[in-house]
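Visitor: As input, take target12.txt (compact mmCIF, C-alpha atoms):
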```txt
# COMPACT_ATOMS: atom_id res chain seq x y z
CA MET A 163 71.81 -115.31 -69.28
CA PRO A 164 70.31 -115.66 -65.88
CA LYS A 165 73.18 -113.70 -64.35
CA LYS A 166 72.66 -110.84 -66.73
CA THR A 167 69.01 -110.76 -65.92
CA LEU A 168 69.67 -110.57 -62.19
CA SER A 169 72.18 -107.82 -62.68
CA ALA A 170 69.71 -105.80 -64.77
CA MET A 171 67.02 -106.26 -62.18
CA ALA A 172 69.37 -105.03 -59.43
CA TRP A 173 70.18 -101.86 -61.25
CA LEU A 174 66.55 -101.23 -62.00
CA CYS A 175 65.71 -101.47 -58.30
CA ILE A 176 68.52 -99.10 -57.37
CA PHE A 177 67.31 -96.63 -59.98
CA ILE A 178 63.73 -96.74 -58.77
CA VAL A 179 64.77 -96.24 -55.13
CA ALA A 180 66.98 -93.33 -56.08
CA PHE A 181 64.28 -91.78 -58.21
CA VAL A 182 61.62 -92.08 -55.54
CA GLY A 183 63.92 -90.68 -52.82
CA HIS A 184 65.12 -87.76 -54.96
CA PRO A 185 62.66 -86.76 -57.68
CA VAL A 186 64.15 -84.82 -60.48
CA TRP A 187 61.09 -82.70 -61.51
CA PRO A 188 61.16 -79.06 -60.34
CA GLN A 189 59.22 -78.07 -57.19
CA LYS A 190 58.00 -74.64 -56.12
CA PRO A 191 60.23 -73.19 -53.45
CA PRO A 192 58.42 -72.29 -50.22
CA LYS A 193 57.13 -68.66 -50.13
CA ARG A 194 59.15 -66.47 -47.83
CA LYS A 195 57.38 -63.81 -45.67
CA THR A 196 58.37 -60.15 -46.11
CA PRO A 197 59.49 -58.08 -43.12
CA ALA A 198 56.28 -56.03 -43.32
CA GLU A 199 54.21 -59.20 -43.17
CA LEU A 200 56.22 -60.40 -40.23
CA THR A 201 55.48 -57.07 -38.25
CA VAL A 202 51.66 -56.86 -38.94
CA PRO A 203 50.59 -59.07 -36.02
CA ALA A 204 52.79 -57.12 -33.64
CA CYS A 205 51.40 -53.76 -34.86
CA CYS A 206 47.80 -55.01 -34.47
CA GLU A 207 48.48 -55.99 -30.91
CA GLU A 208 49.97 -52.54 -30.14
CA ALA A 209 46.98 -50.81 -31.80
CA LYS A 210 44.58 -52.86 -29.72
CA GLU A 211 46.46 -51.94 -26.56
CA LEU A 212 46.43 -48.23 -27.52
CA LYS A 213 42.69 -48.34 -28.24
CA ALA A 214 42.08 -49.97 -24.89
CA GLN A 215 44.17 -47.30 -23.15
CA ILE A 216 42.30 -44.51 -25.01
CA ALA A 217 38.96 -46.06 -24.03
CA ASN A 218 40.11 -46.23 -20.40
CA LEU A 219 41.26 -42.59 -20.48
CA SER A 220 37.97 -41.49 -22.08
CA SER A 221 36.05 -43.32 -19.40
CA LEU A 222 38.15 -41.68 -16.68
CA LEU A 223 37.68 -38.22 -18.23
CA SER A 224 33.93 -38.78 -18.44
CA GLU A 225 33.81 -39.85 -14.80
CA LEU A 226 35.92 -36.83 -13.76
CA SER A 227 33.69 -34.49 -15.78
CA GLN A 228 30.53 -35.93 -14.24
CA LYS A 229 32.06 -35.70 -10.77
CA GLN A 230 33.06 -32.07 -11.40
CA GLU A 231 29.52 -31.26 -12.56
CA ARG A 232 28.08 -32.92 -9.47
CA ASP A 233 30.52 -30.97 -7.29
CA TRP A 234 29.57 -27.67 -8.99
CA VAL A 235 25.86 -28.42 -8.62
CA SER A 236 26.46 -29.22 -4.96
CA VAL A 237 28.37 -25.95 -4.47
CA VAL A 238 25.66 -23.93 -6.24
CA MET A 239 22.94 -25.59 -4.17
CA GLN A 240 24.87 -24.83 -0.99
CA VAL A 241 25.30 -21.18 -2.01
CA MET A 242 21.58 -20.90 -2.84
CA GLU A 243 20.69 -22.52 0.47
CA LEU A 244 22.98 -20.09 2.32
CA GLU A 245 21.41 -17.11 0.50
CA SER A 246 17.92 -18.42 1.27
CA SER A 247 18.90 -18.94 4.91
CA SER A 248 20.32 -15.42 5.04
CA LYS A 249 17.11 -13.96 3.61
CA ARG A 250 15.03 -15.94 6.09
CA MET A 251 17.17 -14.63 8.92
CA GLU A 252 16.83 -11.05 7.63
CA SER A 253 13.07 -11.51 7.34
CA ARG A 254 12.87 -12.89 10.88
CA LEU A 255 15.01 -10.03 12.17
CA THR A 256 12.79 -7.46 10.45
CA ALA A 257 9.67 -9.15 11.81
CA ALA A 258 11.20 -9.24 15.29
CA GLU A 259 12.09 -5.55 15.10
CA SER A 260 8.57 -4.74 13.91
CA LYS A 261 7.02 -6.76 16.74
CA PHE A 262 9.33 -5.13 19.26
CA SER A 263 8.35 -1.67 17.99
CA GLU A 264 4.67 -2.61 18.03
CA MET A 265 4.96 -3.99 21.58
CA ASN A 266 6.57 -0.76 22.75
CA ASN A 267 3.82 1.18 21.04
CA GLN A 268 1.16 -0.97 22.67
CA ILE A 269 2.79 -0.50 26.07
CA ASP A 270 2.70 3.27 25.56
CA ILE A 271 -0.95 3.11 24.58
CA MET A 272 -1.83 0.91 27.55
CA GLN A 273 -0.08 3.35 29.87
CA LEU A 274 -1.93 6.19 28.21
CA GLN A 275 -5.30 4.48 28.56
CA ALA A 276 -4.58 3.58 32.19
CA ALA A 277 -3.69 7.19 32.93
CA GLN A 278 -6.90 8.40 31.30
CA THR A 279 -9.39 6.14 33.06
CA VAL A 280 -11.19 9.19 34.48
CA THR A 281 -11.21 12.54 32.71
CA GLN A 282 -12.41 15.47 34.75
CA THR A 283 -11.33 18.63 32.92
CA SER A 284 -10.46 19.61 29.37
CA ALA A 285 -6.87 20.21 30.52
CA ASP A 286 -6.58 16.53 31.46
CA ALA A 287 -8.06 15.25 28.19
CA ILE A 288 -6.11 13.38 25.54
CA TYR A 289 -7.40 15.42 22.65
CA ASP A 290 -4.88 14.84 19.84
CA CYS A 291 -1.17 14.20 19.22
CA SER A 292 -0.21 17.55 20.77
CA SER A 293 -1.84 16.39 24.04
CA LEU A 294 0.24 13.21 23.89
CA TYR A 295 3.37 15.25 23.25
CA GLN A 296 2.72 17.37 26.33
CA LYS A 297 2.42 14.16 28.35
CA SER A 298 5.95 13.18 27.22
CA TYR A 299 4.99 10.82 24.38
CA ARG A 300 7.73 11.80 21.93
CA ILE A 301 7.93 8.84 19.53
CA SER A 302 6.28 9.17 16.11
CA GLY A 303 3.83 6.40 15.33
CA VAL A 304 0.31 5.07 15.79
CA TYR A 305 -1.60 5.96 18.97
CA LYS A 306 -5.12 5.19 20.03
CA LEU A 307 -6.86 8.19 21.56
CA PRO A 308 -9.32 7.00 24.21
CA PRO A 309 -12.99 8.10 24.11
CA ASP A 310 -13.75 11.16 26.19
CA ASP A 311 -17.23 12.00 27.49
CA PHE A 312 -16.18 15.52 28.49
CA LEU A 313 -15.23 16.36 24.90
CA GLY A 314 -17.73 14.02 23.30
CA SER A 315 -14.99 12.34 21.30
CA PRO A 316 -14.99 8.63 20.35
CA GLU A 317 -11.98 6.34 20.44
CA LEU A 318 -9.74 7.20 17.50
CA GLU A 319 -6.58 5.69 16.06
CA VAL A 320 -4.17 8.37 14.82
CA PHE A 321 -0.65 8.66 13.48
CA CYS A 322 1.42 11.24 15.36
CA ASP A 323 4.43 13.10 13.97
CA MET A 324 6.45 13.95 17.08
CA GLU A 325 9.53 15.22 15.21
CA THR A 326 8.74 17.66 12.40
CA SER A 327 9.03 21.33 13.35
CA GLY A 328 8.71 20.59 17.06
CA GLY A 329 6.29 17.65 16.79
CA GLY A 330 2.76 17.30 18.12
CA TRP A 331 1.20 16.93 14.66
CA THR A 332 -1.87 14.78 14.01
CA ILE A 333 -1.74 13.48 10.42
CA ILE A 334 -5.09 13.75 8.65
CA GLN A 335 -4.04 12.59 5.18
CA ARG A 336 -1.18 10.66 3.59
CA ARG A 337 -0.35 9.63 0.01
CA LYS A 338 2.81 7.59 -0.49
CA SER A 339 2.14 4.23 -2.15
CA GLY A 340 -0.96 4.46 -4.33
CA LEU A 341 -2.42 1.30 -2.78
CA VAL A 342 -5.59 3.10 -1.63
CA SER A 343 -8.03 4.72 -4.04
CA PHE A 344 -9.20 8.22 -3.03
CA TYR A 345 -12.06 8.25 -5.54
CA ARG A 346 -14.64 7.62 -2.79
CA ASP A 347 -18.17 8.68 -1.91
CA TRP A 348 -19.40 11.15 0.71
CA LYS A 349 -19.92 8.60 3.47
CA GLN A 350 -16.42 7.17 3.14
CA TYR A 351 -14.83 10.61 3.26
CA LYS A 352 -16.95 11.42 6.30
CA GLN A 353 -15.88 8.32 8.26
CA GLY A 354 -12.35 7.98 6.90
CA PHE A 355 -10.63 5.15 5.00
CA GLY A 356 -7.28 3.53 4.22
CA SER A 357 -4.44 2.28 6.42
CA ILE A 358 -3.23 4.53 9.24
CA ARG A 359 0.36 3.37 8.55
CA GLY A 360 0.03 3.84 4.80
CA ASP A 361 -2.29 5.89 2.60
CA PHE A 362 -5.40 7.18 4.41
CA TRP A 363 -7.94 9.94 4.98
CA LEU A 364 -8.71 10.41 8.69
CA GLY A 365 -12.35 11.32 8.06
CA ASN A 366 -14.09 14.71 7.72
CA GLU A 367 -16.04 14.24 10.94
CA HIS A 368 -12.85 13.60 12.93
CA ILE A 369 -11.01 16.47 11.21
CA HIS A 370 -13.93 18.78 11.99
CA ARG A 371 -13.79 17.82 15.67
CA LEU A 372 -9.98 18.13 15.88
CA SER A 373 -10.06 21.63 14.31
CA ARG A 374 -12.73 23.13 16.56
CA ARG A 375 -10.07 24.98 18.51
CA PRO A 376 -7.58 27.26 16.69
CA THR A 377 -5.46 24.97 14.55
CA ARG A 378 -2.53 25.15 12.11
CA LEU A 379 -2.24 23.10 8.91
CA ARG A 380 1.02 21.82 7.42
CA VAL A 381 1.17 20.24 3.95
CA GLU A 382 4.36 18.33 3.10
CA MET A 383 5.11 17.31 -0.48
CA GLU A 384 7.79 15.37 -2.35
CA ASP A 385 8.27 15.10 -6.10
CA TRP A 386 9.69 12.18 -8.12
CA GLU A 387 13.15 13.75 -8.11
CA GLY A 388 13.28 13.52 -4.31
CA THR A 389 12.82 17.26 -3.69
CA LYS A 390 10.70 18.13 -0.66
CA ARG A 391 8.62 21.24 -0.03
CA HIS A 392 6.02 22.31 2.52
CA ALA A 393 3.21 24.82 2.98
CA GLU A 394 1.81 26.02 6.32
CA TYR A 395 -1.39 27.89 7.13
CA SER A 396 -1.78 29.88 10.33
CA ARG A 397 -5.40 28.84 10.66
CA PHE A 398 -7.24 25.72 9.55
CA ALA A 399 -10.81 24.72 10.32
CA LEU A 400 -13.40 22.41 8.83
CA GLY A 401 -17.10 23.12 9.13
CA ASN A 402 -19.57 20.44 10.17
CA GLU A 403 -21.53 18.18 7.82
CA LEU A 404 -24.46 20.62 7.61
CA ASN A 405 -21.92 23.12 6.30
CA SER A 406 -20.57 20.49 3.87
CA TYR A 407 -17.23 20.37 5.73
CA ARG A 408 -16.34 23.80 4.38
CA LEU A 409 -12.64 24.73 4.43
CA PHE A 410 -11.33 27.83 6.25
CA LEU A 411 -7.67 28.82 5.91
CA GLY A 412 -5.40 31.51 7.39
CA ASN A 413 -2.17 32.99 6.07
CA TYR A 414 0.24 30.96 3.97
CA SER A 415 3.98 30.44 4.56
CA GLY A 416 6.42 27.77 3.45
CA SER A 417 9.00 26.62 0.90
CA VAL A 418 6.78 25.30 -1.90
CA GLY A 419 6.76 28.59 -3.80
CA ASN A 420 3.31 29.68 -4.84
CA ASP A 421 0.33 28.98 -2.62
CA ALA A 422 -2.08 26.56 -4.31
CA LEU A 423 -4.56 25.88 -1.50
CA SER A 424 -5.93 29.33 -0.74
CA TYR A 425 -7.87 29.16 -4.03
CA HIS A 426 -9.96 26.49 -2.27
CA ASN A 427 -10.56 28.59 0.86
CA ASN A 428 -14.20 28.91 1.93
CA THR A 429 -15.34 26.11 -0.41
CA ALA A 430 -17.44 23.10 0.48
CA PHE A 431 -16.19 19.54 0.23
CA SER A 432 -17.26 17.58 -2.87
CA THR A 433 -17.24 13.89 -3.73
CA LYS A 434 -18.30 11.90 -6.78
CA ASP A 435 -21.83 11.51 -5.35
CA LYS A 436 -22.18 15.01 -3.82
CA ASP A 437 -21.28 17.96 -6.05
CA ASN A 438 -20.72 21.11 -3.95
CA ASP A 439 -18.22 22.92 -6.18
CA ASN A 440 -18.55 26.38 -7.75
CA CYS A 441 -18.48 25.10 -11.31
CA LEU A 442 -20.91 23.84 -13.91
CA ASP A 443 -18.62 20.86 -14.31
CA LYS A 444 -18.61 18.13 -11.68
CA CYS A 445 -15.06 18.63 -10.50
CA ALA A 446 -14.94 15.57 -8.21
CA GLN A 447 -15.71 13.35 -11.18
CA LEU A 448 -13.28 15.19 -13.46
CA ARG A 449 -10.41 15.19 -10.93
CA LYS A 450 -11.20 11.70 -9.55
CA GLY A 451 -11.15 12.57 -5.85
CA GLY A 452 -12.86 14.14 -2.86
CA TYR A 453 -11.72 17.72 -2.16
CA TRP A 454 -12.65 21.34 -1.61
CA TYR A 455 -13.16 21.94 -5.32
CA ASN A 456 -13.73 25.50 -6.44
CA CYS A 457 -13.84 25.67 -10.24
CA CYS A 458 -12.03 23.31 -10.29
CA THR A 459 -8.51 23.22 -8.78
CA ASP A 460 -5.23 24.90 -8.02
CA SER A 461 -4.33 21.78 -6.08
CA ASN A 462 -5.76 18.27 -5.95
CA LEU A 463 -4.11 16.45 -3.06
CA ASN A 464 -6.70 13.65 -3.11
CA GLY A 465 -6.38 12.93 -6.83
CA VAL A 466 -5.22 9.78 -8.60
CA TYR A 467 -1.82 8.39 -7.55
CA TYR A 468 0.28 7.99 -10.72
CA LEU A 469 3.58 6.10 -10.67
CA LEU A 470 6.81 7.36 -12.16
CA GLY A 471 6.49 7.52 -15.94
CA GLU A 472 2.78 8.31 -15.83
CA HIS A 473 3.09 11.08 -13.24
CA ASN A 474 3.33 13.97 -15.72
CA LYS A 475 0.64 13.06 -18.27
CA HIS A 476 -2.68 13.62 -16.47
CA LEU A 477 -4.78 16.44 -15.02
CA ASP A 478 -6.43 14.33 -12.32
CA GLY A 479 -3.27 13.41 -10.38
CA ILE A 480 -1.97 14.64 -7.00
CA THR A 481 -1.22 18.18 -8.08
CA TRP A 482 0.03 21.47 -6.63
CA TYR A 483 -0.08 24.00 -9.45
CA GLY A 484 2.22 26.45 -7.66
CA TRP A 485 5.13 23.99 -7.77
CA HIS A 486 5.03 21.62 -10.76
CA GLY A 487 1.93 22.75 -12.62
CA SER A 488 -1.35 21.06 -13.44
CA SER A 489 -0.15 17.78 -14.97
CA TYR A 490 2.59 16.69 -12.53
CA SER A 491 1.41 14.13 -9.96
CA LEU A 492 3.47 14.20 -6.76
CA LYS A 493 5.17 11.17 -5.20
CA ARG A 494 4.25 11.85 -1.57
CA VAL A 495 1.91 14.15 0.36
CA GLU A 496 1.05 14.50 4.05
CA MET A 497 -1.46 16.86 5.63
CA LYS A 498 -1.11 17.36 9.39
CA ILE A 499 -2.61 19.66 12.03
CA ARG A 500 -1.83 20.85 15.57
CA PRO A 501 -3.15 23.61 17.84
CA GLU A 502 -2.00 27.16 17.14
CA ASP A 503 -0.86 27.60 20.73
CA PHE A 504 1.28 24.44 20.76
CA ARG A 505 4.75 24.91 22.22
CA PRO A 506 7.35 22.09 22.06
```
Would you give me this structure, written as structure tokens?
Guide:
Amino acid sequence: MPKKTLSAMAWLCIFIVAFVGHPVWPQKPPKRKTPAELTVPACCEEAKELKAQIANLSSLLSELSQKQERDWVSVVMQVMELESSSKRMESRLTAAESKFSEMNNQIDIMQLQAAQTVTQTSADAIYDCSSLYQKSYRISGVYKLPPDDFLGSPELEVFCDMETSGGGWTIIQRRKSGLVSFYRDWKQYKQGFGSIRGDFWLGNEHIHRLSRRPTRLRVEMEDWEGTKRHAEYSRFALGNELNSYRLFLGNYSGSVGNDALSYHNNTAFSTKDKDNDNCLDKCAQLRKGGYWYNCCTDSNLNGVYYLLGEHNKHLDGITWYGWHGSSYSLKRVEMKIRPEDFRP
């Protein structure tokens, strides 16, 4: 009996050891990973690398773009600076040329004044631009005529035309820019006004003195199409102030077509504050100038300066009825005189 018991116990132990070492109940097999699951980590790494490369490229492109913009801005600034420098140089060159011309002019005037320290006879006198021409001053421009006790003439700044039709012309009126108003009173027209290099009226008192000897008048005109015409009068004289600076004209000749100044012959000068015209109307106020108004005008060379676009809409402009009619205001006018006996 004891032997059987030992034998049973031995088998029981063997069975338990075998059972514990190799259980018989079913177990879940380990889950196997699919090929797709195996490649996900690798793909993520590649995507991250690509994103990093794209970010680097974007950063490089941005830097290149900014650098290109900076380069373009630098180029533009350099071009602008060069243009500005070029303009400054041109301006300096123009100023230098102007100063050089003015210096030459001043030298001529100084020589003229030195030569005219003592005036003894009327033949020696510097009377006007024709006198300068005869003394070999042949450049058009501004001259200062010295005072002369023999002639009773004060110092006078004039603009001389030494080229047109033989030269020797003293300009008494110019309209070319519209920067000077010609709607002035009697005193201003008597003394003169404006800029001798631009728009001006020399002054009735000076014109009267310059026309005391036989004198010719030349009127030069230009319209807004660039066409130029002129009118000449064989005799021109202005009375004194007591005679209201009355106009006296000789025969007309020229290229302007119909004469439009002879209508004003033998008429007194009128201004906005002194009405000497031959009309009930106050022509100086109607035509906005100072002139030898009759009743009222065939010409109005001292009228309002109208710019292109407004030049053909008004009756008070710079008109010459014999050329463009009563409502066309001219672009440029010059009135100039010289002695009848002048010979180039």
Visitor: Stretch 321-417 of chain A near stretch 434-452 of chain A within 12 Å: what's each residue's closest atom pair and its distance in Å to one decimal, counting all atoms listed in the file, ordered by chain then ascending residue number, as CSV?
Guide:
```
residue,atom,partner,partner_atom,distance
A:Val342,CA,A:Gly451,CA,11.8
A:Ser343,CA,A:Gly451,CA,8.6
A:Phe344,CA,A:Gly451,CA,5.5
A:Tyr345,CA,A:Gly451,CA,4.4
A:Arg346,CA,A:Gly452,CA,6.8
A:Asp347,CA,A:Asp435,CA,5.8
A:Trp348,CA,A:Asp435,CA,6.5
A:Lys349,CA,A:Asp435,CA,9.5
A:Gln350,CA,A:Gly452,CA,9.9
A:Tyr351,CA,A:Gly452,CA,7.3
A:Lys352,CA,A:Gly452,CA,10.4
A:Gly354,CA,A:Gly452,CA,11.6
A:Trp363,CA,A:Gly452,CA,10.2
A:Gly365,CA,A:Gly452,CA,11.3
A:Asn366,CA,A:Gly452,CA,10.7
A:Asn405,CA,A:Asn438,CA,10.5
A:Ser406,CA,A:Asn438,CA,7.8
A:Tyr407,CA,A:Asn438,CA,10.3
A:Arg408,CA,A:Asn438,CA,9.8
```
Visitor: Of the candidates A:Pro501, A:Val320, A:Ser327, A:Arg337, which one gets nearest to A:Ser292 if we count only C-alpha atoms?
Guide: A:Pro501
Visitor: Within 12 Å of (7.7, 17.9, 12.7), in the coordinates the file gives, what residues turn up when you count only C-alpha atoms, written out as an mmCIF file with C-alpha atoms, in the frame of the given file?
Guide:
```cif
data_model
loop_
_atom_site.group_PDB
_atom_site.id
_atom_site.type_symbol
_atom_site.label_atom_id
_atom_site.label_comp_id
_atom_site.auth_asym_id
_atom_site.auth_seq_id
_atom_site.Cartn_x
_atom_site.Cartn_y
_atom_site.Cartn_z
ATOM 1 C CA CYS A 291 -1.170 14.200 19.220
ATOM 2 C CA SER A 292 -0.210 17.550 20.770
ATOM 3 C CA TYR A 295 3.370 15.250 23.250
ATOM 4 C CA ARG A 300 7.730 11.800 21.930
ATOM 5 C CA ILE A 301 7.930 8.840 19.530
ATOM 6 C CA SER A 302 6.280 9.170 16.110
ATOM 7 C CA CYS A 322 1.420 11.240 15.360
ATOM 8 C CA ASP A 323 4.430 13.100 13.970
ATOM 9 C CA MET A 324 6.450 13.950 17.080
ATOM 10 C CA GLU A 325 9.530 15.220 15.210
ATOM 11 C CA THR A 326 8.740 17.660 12.400
ATOM 12 C CA SER A 327 9.030 21.330 13.350
ATOM 13 C CA GLY A 328 8.710 20.590 17.060
ATOM 14 C CA GLY A 329 6.290 17.650 16.790
ATOM 15 C CA GLY A 330 2.760 17.300 18.120
ATOM 16 C CA TRP A 331 1.200 16.930 14.660
ATOM 17 C CA THR A 332 -1.870 14.780 14.010
ATOM 18 C CA ILE A 333 -1.740 13.480 10.420
ATOM 19 C CA LEU A 379 -2.240 23.100 8.910
ATOM 20 C CA ARG A 380 1.020 21.820 7.420
ATOM 21 C CA VAL A 381 1.170 20.240 3.950
ATOM 22 C CA GLU A 382 4.360 18.330 3.100
ATOM 23 C CA HIS A 392 6.020 22.310 2.520
ATOM 24 C CA GLU A 394 1.810 26.020 6.320
ATOM 25 C CA GLU A 496 1.050 14.500 4.050
ATOM 26 C CA MET A 497 -1.460 16.860 5.630
ATOM 27 C CA LYS A 498 -1.110 17.360 9.390
ATOM 28 C CA ILE A 499 -2.610 19.660 12.030
ATOM 29 C CA ARG A 500 -1.830 20.850 15.570
ATOM 30 C CA PRO A 506 7.350 22.090 22.060
#
```
Visitor: So how many Å separate atom CA of A:Leu318 and atom CA of A:Pro376, to one decimal?
Guide: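 Between atom CA of A:Leu318 and atom CA of A:Pro376 the gap works out to 20.2 Å.
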Visitor: Axis-aligned box over every listed atom of stretch 429-440 of chain A, padded by 4 Å per side: centre and edges in Å to one decimal, as lines of an AutoDock Vina configuration file?
Guide:
```
center_x = -18.8
center_y = 18.9
center_z = -3.6
size_x = 14.8
size_y = 22.9
size_z = 16.2
```
